[in-house]
Structure formats: structure tokens, C-alpha cells
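Trainee: Just start-v9.cif, nothing more (mmCIF, C-alpha atoms, pLDDT in the B column; chains and numbers go by the auth columns):
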```cif
data_upload
#
loop_
_atom_site.group_PDB
_atom_site.id
_atom_site.type_symbol
_atom_site.label_atom_id
_atom_site.label_comp_id
_atom_site.label_asym_id
_atom_site.label_seq_id
_atom_site.Cartn_x
_atom_site.Cartn_y
_atom_site.Cartn_z
_atom_site.B_iso_or_equiv
_atom_site.auth_seq_id
_atom_site.auth_asym_id
ATOM 1 C CA MET A 1 -9.408 93.573 -30.132 56.00 224 A
ATOM 2 C CA SER A 2 -10.321 89.991 -29.279 77.00 225 A
ATOM 3 C CA ALA A 3 -12.876 89.441 -26.566 91.00 226 A
ATOM 4 C CA LEU A 4 -11.535 88.204 -23.248 96.00 227 A
ATOM 5 C CA LEU A 5 -14.670 86.093 -22.746 97.00 228 A
ATOM 6 C CA ASP A 6 -16.754 84.885 -25.676 97.00 229 A
ATOM 7 C CA ILE A 7 -20.001 83.001 -25.015 97.00 230 A
ATOM 8 C CA GLY A 8 -21.948 81.736 -27.997 97.00 231 A
ATOM 9 C CA ALA A 9 -25.282 79.898 -28.186 97.00 232 A
ATOM 10 C CA LEU A 10 -24.811 78.481 -24.689 97.00 233 A
ATOM 11 C CA ASN A 11 -27.364 76.068 -23.265 97.00 234 A
ATOM 12 C CA ALA A 12 -27.197 74.632 -19.740 97.00 235 A
ATOM 13 C CA TRP A 13 -29.142 72.140 -17.680 96.00 236 A
ATOM 14 C CA TYR A 14 -29.847 71.037 -14.133 93.00 237 A
ATOM 15 C CA GLY A 15 -30.632 67.387 -14.696 90.00 238 A
ATOM 16 C CA ALA A 16 -33.352 67.285 -17.339 92.00 239 A
ATOM 17 C CA SER A 17 -34.366 70.911 -16.775 95.00 240 A
ATOM 18 C CA GLN A 18 -32.899 73.419 -19.228 96.00 241 A
ATOM 19 C CA ALA A 19 -31.895 76.683 -17.546 96.00 242 A
ATOM 20 C CA LEU A 20 -30.037 78.573 -20.299 97.00 243 A
ATOM 21 C CA HIS A 21 -31.305 78.941 -23.857 97.00 244 A
ATOM 22 C CA GLY A 22 -28.776 80.081 -26.451 97.00 245 A
ATOM 23 C CA VAL A 23 -26.960 82.725 -24.399 97.00 246 A
ATOM 24 C CA THR A 24 -24.509 84.855 -26.389 97.00 247 A
ATOM 25 C CA LEU A 25 -22.335 87.418 -24.610 97.00 248 A
ATOM 26 C CA ARG A 26 -18.880 88.998 -24.874 97.00 249 A
ATOM 27 C CA ILE A 27 -16.657 90.742 -22.372 97.00 250 A
ATOM 28 C CA GLU A 28 -13.626 92.728 -23.509 96.00 251 A
ATOM 29 C CA PRO A 29 -10.349 92.971 -21.539 95.00 252 A
ATOM 30 C CA GLY A 30 -10.786 95.344 -18.600 93.00 253 A
ATOM 31 C CA GLU A 31 -14.539 95.734 -19.163 95.00 254 A
ATOM 32 C CA VAL A 32 -17.114 95.562 -16.353 96.00 255 A
ATOM 33 C CA LEU A 33 -20.410 94.041 -17.447 97.00 256 A
ATOM 34 C CA ALA A 34 -23.374 94.008 -15.061 96.00 257 A
ATOM 35 C CA LEU A 35 -25.671 91.018 -15.575 96.00 258 A
ATOM 36 C CA VAL A 36 -29.066 91.791 -14.038 94.00 259 A
ATOM 37 C CA GLY A 37 -32.434 90.095 -13.866 92.00 260 A
ATOM 38 C CA ARG A 38 -34.998 88.638 -11.540 91.00 261 A
ATOM 39 C CA ASN A 39 -34.348 85.597 -9.367 89.00 262 A
ATOM 40 C CA GLY A 40 -34.557 82.477 -11.497 90.00 263 A
ATOM 41 C CA SER A 41 -33.646 84.287 -14.716 93.00 264 A
ATOM 42 C CA GLY A 42 -30.476 82.211 -15.218 94.00 265 A
ATOM 43 C CA ARG A 43 -27.763 84.616 -14.064 95.00 266 A
ATOM 44 C CA SER A 44 -26.168 82.311 -11.473 94.00 267 A
ATOM 45 C CA THR A 45 -26.485 79.363 -13.844 96.00 268 A
ATOM 46 C CA LEU A 46 -24.435 81.257 -16.409 97.00 269 A
ATOM 47 C CA ALA A 47 -21.705 81.833 -13.815 96.00 270 A
ATOM 48 C CA ARG A 48 -21.692 78.147 -12.902 95.00 271 A
ATOM 49 C CA ALA A 49 -21.555 77.137 -16.561 96.00 272 A
ATOM 50 C CA LEU A 50 -18.488 79.340 -17.047 96.00 273 A
ATOM 51 C CA MET A 51 -16.769 77.530 -14.171 95.00 274 A
ATOM 52 C CA GLY A 52 -17.731 74.048 -15.382 95.00 275 A
ATOM 53 C CA LEU A 53 -20.141 73.456 -12.509 95.00 276 A
ATOM 54 C CA VAL A 54 -23.247 72.576 -14.565 95.00 277 A
ATOM 55 C CA ARG A 55 -23.771 70.607 -17.763 95.00 278 A
ATOM 56 C CA SER A 56 -23.649 72.890 -20.770 96.00 279 A
ATOM 57 C CA GLU A 57 -23.100 72.964 -24.510 95.00 280 A
ATOM 58 C CA GLY A 58 -22.179 75.809 -26.818 96.00 281 A
ATOM 59 C CA GLU A 59 -19.170 78.069 -27.154 96.00 282 A
ATOM 60 C CA LEU A 60 -17.199 79.153 -24.099 96.00 283 A
ATOM 61 C CA ARG A 61 -13.856 80.783 -24.846 96.00 284 A
ATOM 62 C CA PHE A 62 -11.643 82.645 -22.394 96.00 285 A
ATOM 63 C CA ALA A 63 -8.513 84.483 -23.557 93.00 286 A
ATOM 64 C CA GLY A 64 -8.775 82.621 -26.852 92.00 287 A
ATOM 65 C CA ARG A 65 -8.977 79.163 -25.263 94.00 288 A
ATOM 66 C CA SER A 66 -11.993 76.884 -25.197 95.00 289 A
ATOM 67 C CA LEU A 67 -13.254 76.048 -21.699 95.00 290 A
ATOM 68 C CA GLY A 68 -15.107 72.980 -22.938 90.00 291 A
ATOM 69 C CA GLY A 69 -14.175 69.862 -20.984 90.00 292 A
ATOM 70 C CA LEU A 70 -11.984 71.689 -18.460 94.00 293 A
ATOM 71 C CA ARG A 71 -12.429 71.134 -14.749 94.00 294 A
ATOM 72 C CA THR A 72 -13.150 74.025 -12.416 92.00 295 A
ATOM 73 C CA PHE A 73 -9.630 74.310 -11.012 89.00 296 A
ATOM 74 C CA GLU A 74 -8.193 74.299 -14.544 91.00 297 A
ATOM 75 C CA ILE A 75 -10.521 77.149 -15.518 93.00 298 A
ATOM 76 C CA ALA A 76 -9.477 79.114 -12.424 90.00 299 A
ATOM 77 C CA ARG A 77 -5.800 78.647 -13.283 87.00 300 A
ATOM 78 C CA LEU A 78 -6.378 80.307 -16.643 90.00 301 A
ATOM 79 C CA GLY A 79 -7.238 83.524 -14.790 90.00 302 A
ATOM 80 C CA LEU A 80 -11.002 83.306 -14.328 93.00 303 A
ATOM 81 C CA GLY A 81 -11.971 84.038 -10.714 92.00 304 A
ATOM 82 C CA TYR A 82 -15.348 83.206 -9.181 93.00 305 A
ATOM 83 C CA VAL A 83 -17.091 84.616 -6.124 91.00 306 A
ATOM 84 C CA PRO A 84 -20.258 82.513 -5.646 88.00 307 A
ATOM 85 C CA GLU A 85 -23.476 83.842 -4.202 82.00 308 A
ATOM 86 C CA HIS A 86 -23.218 81.686 -1.066 79.00 309 A
ATOM 87 C CA ARG A 87 -19.545 82.548 -0.426 75.00 310 A
ATOM 88 C CA ASP A 88 -18.320 78.951 0.068 84.00 311 A
ATOM 89 C CA VAL A 89 -15.531 79.608 2.544 92.00 312 A
ATOM 90 C CA PHE A 90 -13.762 76.679 4.211 94.00 313 A
ATOM 91 C CA PRO A 91 -15.316 77.016 7.677 95.00 314 A
ATOM 92 C CA THR A 92 -12.782 75.011 9.707 96.00 315 A
ATOM 93 C CA LEU A 93 -9.766 76.805 8.222 97.00 316 A
ATOM 94 C CA SER A 94 -8.528 80.176 9.424 97.00 317 A
ATOM 95 C CA VAL A 95 -8.965 83.377 7.453 97.00 318 A
ATOM 96 C CA HIS A 96 -5.318 83.294 6.388 96.00 319 A
ATOM 97 C CA GLU A 97 -5.496 79.628 5.395 96.00 320 A
ATOM 98 C CA ASN A 98 -8.541 80.387 3.224 95.00 321 A
ATOM 99 C CA LEU A 99 -6.568 83.155 1.531 95.00 322 A
ATOM 100 C CA GLN A 100 -3.587 80.866 0.972 93.00 323 A
ATOM 101 C CA LEU A 101 -5.855 78.485 -0.939 90.00 324 A
ATOM 102 C CA GLY A 102 -6.701 81.293 -3.354 88.00 325 A
ATOM 103 C CA VAL A 103 -3.118 81.835 -4.514 85.00 326 A
ATOM 104 C CA ALA A 104 -3.053 80.343 -8.005 69.00 327 A
ATOM 105 C CA PRO A 105 0.012 78.257 -8.976 65.00 328 A
ATOM 106 C CA ARG A 106 0.067 79.809 -12.449 56.00 329 A
ATOM 107 C CA ALA A 107 3.131 80.909 -14.394 51.00 330 A
ATOM 108 C CA ARG A 108 1.836 83.774 -16.543 55.00 331 A
ATOM 109 C CA GLY A 109 5.034 85.696 -17.127 61.00 332 A
ATOM 110 C CA ARG A 110 4.250 88.541 -14.753 68.00 333 A
ATOM 111 C CA THR A 111 4.429 89.513 -11.107 76.00 334 A
ATOM 112 C CA PRO A 112 1.053 88.933 -9.421 78.00 335 A
ATOM 113 C CA ARG A 113 -0.941 92.151 -9.141 80.00 336 A
ATOM 114 C CA PHE A 114 -2.451 91.262 -5.764 85.00 337 A
ATOM 115 C CA THR A 115 -0.825 90.249 -2.490 88.00 338 A
ATOM 116 C CA PHE A 116 -1.831 89.305 1.040 92.00 339 A
ATOM 117 C CA ASP A 117 -0.992 92.894 2.018 92.00 340 A
ATOM 118 C CA ASP A 118 -3.513 94.126 -0.573 89.00 341 A
ATOM 119 C CA ALA A 119 -6.194 91.842 0.846 91.00 342 A
ATOM 120 C CA TYR A 120 -5.636 92.959 4.410 93.00 343 A
ATOM 121 C CA ALA A 121 -5.397 96.634 3.418 90.00 344 A
ATOM 122 C CA LEU A 122 -8.704 96.416 1.538 86.00 345 A
ATOM 123 C CA PHE A 123 -10.445 94.561 4.363 89.00 346 A
ATOM 124 C CA PRO A 124 -8.715 95.386 7.657 92.00 347 A
ATOM 125 C CA VAL A 125 -11.127 93.179 9.617 93.00 348 A
ATOM 126 C CA LEU A 126 -9.625 90.154 7.869 95.00 349 A
ATOM 127 C CA GLY A 127 -6.191 91.148 9.121 95.00 350 A
ATOM 128 C CA GLU A 128 -7.559 91.493 12.632 96.00 351 A
ATOM 129 C CA ARG A 129 -9.123 88.033 12.412 95.00 352 A
ATOM 130 C CA LYS A 130 -6.564 86.221 10.276 95.00 353 A
ATOM 131 C CA ARG A 131 -6.286 83.349 12.788 96.00 354 A
ATOM 132 C CA THR A 132 -10.058 83.058 13.292 97.00 355 A
ATOM 133 C CA ARG A 133 -11.867 80.122 11.727 97.00 356 A
ATOM 134 C CA ALA A 134 -13.810 81.290 8.693 96.00 357 A
ATOM 135 C CA GLY A 135 -16.999 79.614 9.932 94.00 358 A
ATOM 136 C CA ALA A 136 -17.058 82.029 12.861 96.00 359 A
ATOM 137 C CA LEU A 137 -17.123 85.127 10.644 94.00 360 A
ATOM 138 C CA SER A 138 -20.258 87.146 9.964 89.00 361 A
ATOM 139 C CA GLY A 139 -21.881 86.978 6.543 85.00 362 A
ATOM 140 C CA GLY A 140 -20.297 90.281 5.559 85.00 363 A
ATOM 141 C CA GLU A 141 -16.859 89.150 6.704 89.00 364 A
ATOM 142 C CA GLN A 142 -17.247 85.919 4.741 90.00 365 A
ATOM 143 C CA GLN A 143 -18.099 87.950 1.637 87.00 366 A
ATOM 144 C CA MET A 144 -14.940 89.988 2.136 88.00 367 A
ATOM 145 C CA LEU A 145 -12.931 86.790 2.594 93.00 368 A
ATOM 146 C CA THR A 146 -14.303 85.227 -0.581 92.00 369 A
ATOM 147 C CA LEU A 147 -13.540 88.374 -2.558 90.00 370 A
ATOM 148 C CA ALA A 148 -10.028 88.591 -1.152 92.00 371 A
ATOM 149 C CA ARG A 149 -9.408 84.894 -1.864 93.00 372 A
ATOM 150 C CA ALA A 150 -10.460 85.376 -5.498 91.00 373 A
ATOM 151 C CA LEU A 151 -8.250 88.457 -5.735 89.00 374 A
ATOM 152 C CA LEU A 152 -5.192 86.429 -4.690 90.00 375 A
ATOM 153 C CA GLY A 153 -5.760 84.203 -7.726 88.00 376 A
ATOM 154 C CA ASP A 154 -4.693 87.251 -9.801 88.00 377 A
ATOM 155 C CA PRO A 155 -7.719 86.981 -12.135 90.00 378 A
ATOM 156 C CA ASP A 156 -8.068 88.652 -15.515 91.00 379 A
ATOM 157 C CA LEU A 157 -11.833 88.192 -15.248 95.00 380 A
ATOM 158 C CA LEU A 158 -13.765 88.048 -11.991 95.00 381 A
ATOM 159 C CA VAL A 159 -17.255 86.555 -11.977 96.00 382 A
ATOM 160 C CA ILE A 160 -18.975 87.817 -8.843 94.00 383 A
ATOM 161 C CA ASP A 161 -22.497 86.727 -7.947 92.00 384 A
ATOM 162 C CA GLU A 162 -24.656 89.135 -5.872 87.00 385 A
ATOM 163 C CA PRO A 163 -21.787 90.862 -4.015 81.00 386 A
ATOM 164 C CA GLY A 164 -24.117 93.055 -1.958 75.00 387 A
ATOM 165 C CA GLU A 165 -26.654 90.395 -0.981 75.00 388 A
ATOM 166 C CA GLY A 166 -27.558 90.662 2.706 72.00 389 A
ATOM 167 C CA LEU A 167 -24.776 93.112 3.559 76.00 390 A
ATOM 168 C CA ALA A 168 -25.019 96.174 5.776 78.00 391 A
ATOM 169 C CA SER A 169 -24.449 99.450 3.929 81.00 392 A
ATOM 170 C CA VAL A 170 -21.012 100.040 5.468 82.00 393 A
ATOM 171 C CA VAL A 171 -19.825 96.566 4.411 80.00 394 A
ATOM 172 C CA MET A 172 -21.364 97.014 0.991 81.00 395 A
ATOM 173 C CA GLU A 173 -19.332 100.189 0.511 83.00 396 A
ATOM 174 C CA GLN A 174 -16.134 98.276 1.365 81.00 397 A
ATOM 175 C CA VAL A 175 -17.039 95.643 -1.214 82.00 398 A
ATOM 176 C CA ALA A 176 -17.765 98.356 -3.786 85.00 399 A
ATOM 177 C CA GLY A 177 -14.391 99.911 -3.006 85.00 400 A
ATOM 178 C CA CYS A 178 -12.702 96.583 -3.695 84.00 401 A
ATOM 179 C CA LEU A 179 -14.503 96.296 -7.038 88.00 402 A
ATOM 180 C CA ARG A 180 -13.487 99.834 -7.999 89.00 403 A
ATOM 181 C CA MET A 181 -9.863 98.953 -7.226 85.00 404 A
ATOM 182 C CA LEU A 182 -10.067 95.812 -9.356 86.00 405 A
ATOM 183 C CA ARG A 183 -11.572 97.778 -12.234 90.00 406 A
ATOM 184 C CA ASP A 184 -8.849 100.414 -11.969 89.00 407 A
ATOM 185 C CA ARG A 185 -6.188 97.682 -12.097 85.00 408 A
ATOM 186 C CA GLY A 186 -7.623 96.383 -15.347 88.00 409 A
ATOM 187 C CA VAL A 187 -9.521 93.342 -14.078 90.00 410 A
ATOM 188 C CA ALA A 188 -12.584 92.598 -16.203 95.00 411 A
ATOM 189 C CA MET A 189 -15.718 91.684 -14.273 96.00 412 A
ATOM 190 C CA LEU A 190 -19.005 89.929 -14.812 97.00 413 A
ATOM 191 C CA LEU A 191 -21.008 91.498 -12.000 95.00 414 A
ATOM 192 C CA ILE A 192 -24.215 89.585 -11.321 94.00 415 A
ATOM 193 C CA GLU A 193 -26.849 91.624 -9.502 87.00 416 A
ATOM 194 C CA GLN A 194 -30.576 91.676 -9.005 77.00 417 A
ATOM 195 C CA ARG A 195 -30.454 95.316 -8.010 70.00 418 A
ATOM 196 C CA LEU A 196 -28.470 98.128 -9.607 79.00 419 A
ATOM 197 C CA VAL A 197 -26.808 99.577 -6.521 77.00 420 A
ATOM 198 C CA ILE A 198 -23.225 98.544 -7.254 82.00 421 A
ATOM 199 C CA ALA A 199 -23.698 98.060 -10.994 85.00 422 A
ATOM 200 C CA GLN A 200 -24.458 101.731 -11.667 88.00 423 A
ATOM 201 C CA GLU A 201 -21.217 102.733 -9.973 87.00 424 A
ATOM 202 C CA ILE A 202 -18.892 100.083 -11.415 90.00 425 A
ATOM 203 C CA ALA A 203 -20.207 98.823 -14.761 93.00 426 A
ATOM 204 C CA SER A 204 -19.925 100.375 -18.208 92.00 427 A
ATOM 205 C CA ARG A 205 -22.321 97.915 -19.845 96.00 428 A
ATOM 206 C CA VAL A 206 -25.463 96.061 -18.800 96.00 429 A
ATOM 207 C CA ALA A 207 -26.967 92.782 -19.972 97.00 430 A
ATOM 208 C CA VAL A 208 -30.412 91.695 -18.794 96.00 431 A
ATOM 209 C CA MET A 209 -31.442 88.055 -18.475 95.00 432 A
ATOM 210 C CA GLY A 210 -34.971 86.696 -18.580 95.00 433 A
ATOM 211 C CA HIS A 211 -36.106 83.080 -18.821 95.00 434 A
ATOM 212 C CA GLY A 212 -32.542 81.902 -19.464 96.00 435 A
ATOM 213 C CA GLU A 213 -31.912 84.288 -22.367 97.00 436 A
ATOM 214 C CA ILE A 214 -30.221 87.666 -22.884 97.00 437 A
ATOM 215 C CA VAL A 215 -33.061 90.124 -23.511 97.00 438 A
ATOM 216 C CA PHE A 216 -30.995 93.342 -23.515 97.00 439 A
ATOM 217 C CA ASP A 217 -27.288 94.100 -23.970 97.00 440 A
ATOM 218 C CA GLY A 218 -26.035 97.671 -24.195 95.00 441 A
ATOM 219 C CA GLU A 219 -24.202 100.581 -22.615 95.00 442 A
ATOM 220 C CA LEU A 220 -25.174 101.559 -19.058 94.00 443 A
ATOM 221 C CA ALA A 221 -26.327 105.008 -20.193 93.00 444 A
ATOM 222 C CA THR A 222 -28.635 103.428 -22.781 95.00 445 A
ATOM 223 C CA PHE A 223 -29.991 100.907 -20.306 94.00 446 A
ATOM 224 C CA LEU A 224 -30.893 103.656 -17.832 91.00 447 A
ATOM 225 C CA THR A 225 -33.170 105.224 -20.470 94.00 448 A
ATOM 226 C CA ARG A 226 -35.002 101.943 -21.151 93.00 449 A
ATOM 227 C CA SER A 227 -37.861 102.038 -18.669 93.00 450 A
ATOM 228 C CA ASP A 228 -39.631 99.384 -20.763 93.00 451 A
ATOM 229 C CA VAL A 229 -36.796 96.891 -20.181 93.00 452 A
ATOM 230 C CA MET A 230 -36.589 97.753 -16.482 91.00 453 A
ATOM 231 C CA GLN A 231 -40.338 97.340 -16.001 91.00 454 A
ATOM 232 C CA GLU A 232 -40.717 94.077 -17.927 91.00 455 A
ATOM 233 C CA TRP A 233 -37.594 92.257 -16.789 92.00 456 A
ATOM 234 C CA LEU A 234 -36.658 93.846 -13.463 88.00 457 A
ATOM 235 C CA GLY A 235 -40.011 95.034 -12.160 80.00 458 A
ATOM 236 C CA VAL A 236 -38.859 98.650 -11.772 65.00 459 A
ATOM 237 C CA GLY A 237 -39.930 101.695 -13.720 53.00 460 A
#
```
Could you spell out this file's structure in C-alpha cells?
Mentor:
Amino acid sequence: MSALLDIGALNAWYGASQALHGVTLRIEPGEVLALVGRNGSGRSTLARALMGLVRSEGELRFAGRSLGGLRTFEIARLGLGYVPEHRDVFPTLSVHENLQLGVAPRARGRTPRFTFDDAYALFPVLGERKRTRAGALSGGEQQMLTLARALLGDPDLLVIDEPGEGLASVVMEQVAGCLRMLRDRGVAMLLIEQRLVIAQEIASRVAVMGHGEIVFDGELATFLTRSDVMQEWLGVG
């Protein structure tokens, strides 16, 4: 089976500063991979490189197609969704208008798996506030909105950066429920986390980043036995 996402010897830079050093990683169709590591390890940079948001060189292939030279909206139209760490909603637009912007104009020979009804059923507060400007939402509501907007793009792979960051436990459980639903519908995910709260429940595989490199890549069960990796690269034992 061909990998859905194939990253090979990827380097990336912010200006003259190199942030990724030869990253190699694969994600299979329907697989959930948790990418963990300390702040500054390069996890968010990898997500941005996938979406064409930072300068990079190396191999980036999605569904058999090279992403090199493509613009961000072209990458999204291929079926690669992105939920950034800082949410990036359109603050002056309503909740529903933000969701409308997520609907991808892609002809992929199938009925979209996700609808506005799905989004509002998953996150009822968005339905209650569909006419509210997104800038007036709480941080947790904005996270829900960003997730729902990505969902309406009907992604085959969702890259989600720190989905639980700063969220109350009840909101975090709603987000986790959304991710479980996506997994069960066959959406592959690159789940970027500093902690392991959601990852242990959703992911089947874990990769650890340190100093812009992959320092561990293996099954979740194996990772949970590697106290040496957890201590050195995550600061937990």
C-alpha cells in the first residue's frame, strides 16, 4: 500500500535559520500519527512546510503527487486539511461564513463525507452562534470553528497543531470526540501535541521530534514502554 503522505529528507528554514534537518516520515491512508516533542522541536514547522508556508527542500508527496512548488490553497484542494495552533479564524466574518470558506471546490468523484449539519451536530455551540462574528468567540469556540472549517474541506489527511492547547476539559473532550469521528470515517491525521492526552486515545503510532529531527518513530504501545525517549525528549519519565 502506498503511503498517503511521504516526507523524505526534508529541510526547512525561517530566513537564514534552519529549523528542520532531514525529516523523513510516512503516514498511511486512515492512519493517525501523533507527533510529539518539546516546544521549539520543529513540530509546527513541519506542519507549515507541508502546507507550503515556509521555505523547504526535500521530498513532500501527498497521494502520490509532489507538493513542491504548490501554493497553500492548491495543497488544501488536494485533500490536505490544516488546523493551525493559533486557530486563524476570520474575526469579522460570522461563524457560518467561516465554515462556508472551508468548503473545498474539489471534484474528487465522491459525495463529500462532511456537511454543515455534521459540523453543527459535533459542536452545537457553533449552531447556536452561527451568526456571531468569529472574533467574539472564546478560544475554545474558535478551536471548534477551525476544526469544523477544516472538516468541511473533506480532507483525506488532517494536520492539527496542538488541538487541546488552552482548552477547558469539557471543550477538550468535544475536540477529542471530533477527532475520534474523523478517525472512524477513515481520515488520516498528523496530530501535533506536546502532551499525550489526546494522542494516547486517538493515535496508533507516535513520532518524536527533537532539534528539528525525528528521534523516535514507532507504534504507540512501543513508545509507552520507552521511558528513556520520554525522559530525554519530552521531559517525562
Trainee: As a check of understanding, name the residues that the PyMOL selection byres ((chain A and resi 227) around 12) selects in the supplied structure, as a ChimeraX atom specification.
Mentor: /A:224-226,228-230,248-255,283-289,301-303,378-381,410-413
Trainee: Atoms to include: C-alpha atoms. Write the selected residues as a short mmCIF file (atom, residue, chain, number, x, y, z; two decimals), in the coordinates of the input.
Mentor:
```cif
data_model
loop_
_atom_site.label_atom_id
_atom_site.label_comp_id
_atom_site.auth_asym_id
_atom_site.auth_seq_id
_atom_site.Cartn_x
_atom_site.Cartn_y
_atom_site.Cartn_z
CA MET A 224 -9.41 93.57 -30.13
CA SER A 225 -10.32 89.99 -29.28
CA ALA A 226 -12.88 89.44 -26.57
CA LEU A 228 -14.67 86.09 -22.75
CA ASP A 229 -16.75 84.88 -25.68
CA ILE A 230 -20.00 83.00 -25.02
CA LEU A 248 -22.34 87.42 -24.61
CA ARG A 249 -18.88 89.00 -24.87
CA ILE A 250 -16.66 90.74 -22.37
CA GLU A 251 -13.63 92.73 -23.51
CA PRO A 252 -10.35 92.97 -21.54
CA GLY A 253 -10.79 95.34 -18.60
CA GLU A 254 -14.54 95.73 -19.16
CA VAL A 255 -17.11 95.56 -16.35
CA LEU A 283 -17.20 79.15 -24.10
CA ARG A 284 -13.86 80.78 -24.85
CA PHE A 285 -11.64 82.64 -22.39
CA ALA A 286 -8.51 84.48 -23.56
CA GLY A 287 -8.78 82.62 -26.85
CA ARG A 288 -8.98 79.16 -25.26
CA SER A 289 -11.99 76.88 -25.20
CA LEU A 301 -6.38 80.31 -16.64
CA GLY A 302 -7.24 83.52 -14.79
CA LEU A 303 -11.00 83.31 -14.33
CA PRO A 378 -7.72 86.98 -12.14
CA ASP A 379 -8.07 88.65 -15.52
CA LEU A 380 -11.83 88.19 -15.25
CA LEU A 381 -13.76 88.05 -11.99
CA VAL A 410 -9.52 93.34 -14.08
CA ALA A 411 -12.58 92.60 -16.20
CA MET A 412 -15.72 91.68 -14.27
CA LEU A 413 -19.00 89.93 -14.81
#
```
Trainee: Evaluate the PyMOL selection byres ((chain A and resi 393-407) around 7) here and jot the selected residues down as a list of chain:residue names.
Mentor: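 Written out, the selection comes to A:Gly253, A:Leu345, A:Gly363, A:Met367, A:Gly387, A:Leu390, A:Ala391, A:Ser392, A:Arg408, A:Gly409, A:Val410, A:Ala411, A:Ile421, A:Ile425.
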Trainee: Take the selection from the previous step and output its residues with C-alpha atoms, as a PDB file, keeping the file's coordinate frame.
Mentor:
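Output file again.pdb is given in full below:
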```pdb
ATOM      1  CA  GLY A 253     -10.786  95.344 -18.600  1.00 93.00           C
ATOM      2  CA  LEU A 345      -8.704  96.416   1.538  1.00 86.00           C
ATOM      3  CA  GLY A 363     -20.297  90.281   5.559  1.00 85.00           C
ATOM      4  CA  MET A 367     -14.940  89.988   2.136  1.00 88.00           C
ATOM      5  CA  GLY A 387     -24.117  93.055  -1.958  1.00 75.00           C
ATOM      6  CA  LEU A 390     -24.776  93.112   3.559  1.00 76.00           C
ATOM      7  CA  ALA A 391     -25.019  96.174   5.776  1.00 78.00           C
ATOM      8  CA  SER A 392     -24.449  99.450   3.929  1.00 81.00           C
ATOM      9  CA  ARG A 408      -6.188  97.682 -12.097  1.00 85.00           C
ATOM     10  CA  GLY A 409      -7.623  96.383 -15.347  1.00 88.00           C
ATOM     11  CA  VAL A 410      -9.521  93.342 -14.078  1.00 90.00           C
ATOM     12  CA  ALA A 411     -12.584  92.598 -16.203  1.00 95.00           C
ATOM     13  CA  ILE A 421     -23.225  98.544  -7.254  1.00 82.00           C
ATOM     14  CA  ILE A 425     -18.892 100.083 -11.415  1.00 90.00           C
TER      15      ILE A 425
END
```
Trainee: Just checking: using all atoms listed in the file, which residue out of A:Gln417, A:Thr448, A:Gln454, A:Ser427 ends up closest to Leu258 in chain A?
Mentor: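 Comparing A:Gln417, A:Thr448, A:Gln454, A:Ser427 against Leu258 in chain A, the winner is A:Gln417.
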Trainee: Could you list, as a list in words, every residue within 7 Å of range 309-326 of chain A, counting only C-alpha atoms and ignoring same-chain residues fewer than 6 positions away?
Mentor: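 Here the answer would be Leu349, Arg352, Lys353, Arg354, Thr355, Arg356, Ala357, Gly358, Gln365, Gln366, Thr369, Ala371, Arg372, Ala373, Leu375 and Gly376 of chain A.
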Trainee: Could you state the separation of CA of Phe339 in chain A and CA of Ser361 in chain A in Å, given to one decimal place?
Mentor: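 If I compute the distance from CA of Phe339 in chain A to CA of Ser361 in chain A, I get 20.6 Å.
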Trainee: Care to translate the PyMOL selection byres ((chain A and resi 263-276) around 8) into actual residues of this file, as a VMD selection string?
Mentor: chain A and resid 235 242 to 243 258 to 262 277 to 279 283 290 292 to 295 298 to 299 305 308 382 384 415 432 to 436
Trainee: With all atoms of range 402-418 of chain A from the file as input, state the centre and edge lengths in Å to one decimal of the axis-aligned box that has 3 Å extra on each side, as lines of an AutoDock Vina configuration file.
Mentor:
```
center_x = -18.4
center_y = 95.0
center_z = -11.6
size_x = 30.4
size_y = 16.8
size_z = 15.2
```
Trainee: I'd like the neighbourhood of Arg428 in chain A as a list in words, where a residue qualifies if any of its atoms comes within 9 Å (using only C-alpha atoms), though same-chain residues fewer than 5 positions away should be ignored.
Mentor: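 Final neighbour list, sorted by chain and number: Glu254, Val255, Leu256, Ala257, Leu258, Ala422, Asp440, Gly441, Glu442, Leu443, Ala444, Thr445 and Phe446 of chain A.
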Trainee: What separation in Å, quoted to one decimal, exists between CA of Leu233 in chain A and CA of Glu424 in chain A?
Mentor: 28.6 Å
Trainee: What is the distance, in Å and to one decimal place, between CA of Val429 in chain A and CA of Val452 in chain A?
Mentor: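 According to the coordinates, CA of Val429 in chain A and CA of Val452 in chain A are separated by 11.4 Å.
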